[in-house]
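Asker: Structure incoming, see below.
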Amino acid sequence: MSIRDIVLAGTPQLRQIAKSVNSQWFGTNDAISLIAELFDTMKARNGVGLAAPQIGVSLRVIVYGFQINSRYPDQDPVPLTLMVNPTIIEASKDVVYLYEGCLSLPEVRGLVPRHEWLEVQAQNEKGQLFQKRYQGFEARIIQHEIDHLDGKIYPERMDNMRTLGITSALKEAGLIR
Ligand code: ZN
């Protein structure tokens with residue numbers, strides 16, 4: 001297991017635009033260890049997704065997925081997925097709201113609008129392109145992680161800052177589980 005520290009909000013690194021990965025990167029030791037570190041760190045920290053800038057690597061690489069997650073107990077399993085250079089091709093006009101958190105902003109949640117579905121193109125660990133439509137919680141995670149690649153964090157996506165709260169207090173109030 002190779003677990004890395006999470007870069008917290010306030011660190012300038014988290015605000016950088018991450019660089020695209022070039023074709024020479026795939027299959028290198030750097031690539032293999034970054035991918036392992038992302039999955040290992042996400043699982044160790046109980047995350048549902050993680051972007052490379054969150055472990056201090058300014059590259060357009062994200063991972064996500066879980067079977068059961070105690071931070072989001074109401075969500076169905078999402079397959080473990082790696083996306084390199086993900087691009088949103090199309091997104092729904094309709095948005096959905098959910099209390100969202102972030103490993104880079106511990107103990108805080110806020111109600112964040114996200115596209116209900118989106119069509120994404122990305123590369124896998126071999127550099128092969130794939131394109132797929134995602135919806136629901138999986139689509140939300142992808143939007144959250146792609147935002148990290150662009151130096152954005154979820155409070156910037158909120159349209160009602162009054163919903164921002166401390167996780168334990170929101171649970172106490174019955175607003176999240
Ligand atoms: Zn995050």
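Chain labels A, B, ... are given in the sequence in which chains occur in the structure tokens; within each chain residues are numbered consecutively from 1, and ligands are likewise numbered from 1 in the order shown.
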How would you report the residues lying within 6 Å of ligand 1, as a list in words, if you count only C-alpha atoms and all ligand atoms?

Answerer: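 After applying the 6 Å limit, what remains is Cys102, Leu103 and Ser104 of chain A.
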
Asker: Now that the selection is made, can you save its residues with N, CA, C and O atoms as a compact mmCIF listing (two decimals), in the first residue's frame?

Answerer:
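selection.txt written:
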```txt
# COMPACT_ATOMS: atom_id res chain seq x y z
N CYS A 102 -15.48 16.68 0.59
CA CYS A 102 -14.22 16.59 -0.14
C CYS A 102 -13.11 16.27 0.87
O CYS A 102 -13.08 16.88 1.94
N LEU A 103 -12.23 15.33 0.52
CA LEU A 103 -11.13 14.97 1.44
C LEU A 103 -10.20 16.16 1.68
O LEU A 103 -9.52 16.20 2.70
N SER A 104 -10.20 17.12 0.77
CA SER A 104 -9.35 18.31 0.94
C SER A 104 -10.01 19.38 1.82
O SER A 104 -9.37 20.38 2.16
```

Asker: Ile55 (chain A): which residues within 8 Å, counting only C-alpha atoms, same-chain residues fewer than 4 positions away excluded, as a PyMOL selection string?

Answerer: chain A and resi 4-7+38+51

Asker: Within 10 Å of region 74-85 of chain A, counting only C-alpha atoms, which residues show up once you throw out same-chain ones fewer than 4 positions away? Write them as a PyMOL selection string, please.

Answerer: chain A and resi 18-22+26+35+38-39+48-51+59-70+120-130+136-138+141-142+145-146+149+176-177

Asker: Return the single residue from A:Leu34, A:Leu118, A:Met158, A:Leu105 that is closest to Ile89 (chain A), with distances computed using only C-alpha atoms.

Answerer: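 Using only C-alpha atoms, the shortest distance to Ile89 (chain A) belongs to A:Leu118.
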
Asker: Could you tell me how far CA of Val112 (chain A) sits from CA of Val95 (chain A), in Å to one decimal place?

Answerer: 9.4 Å
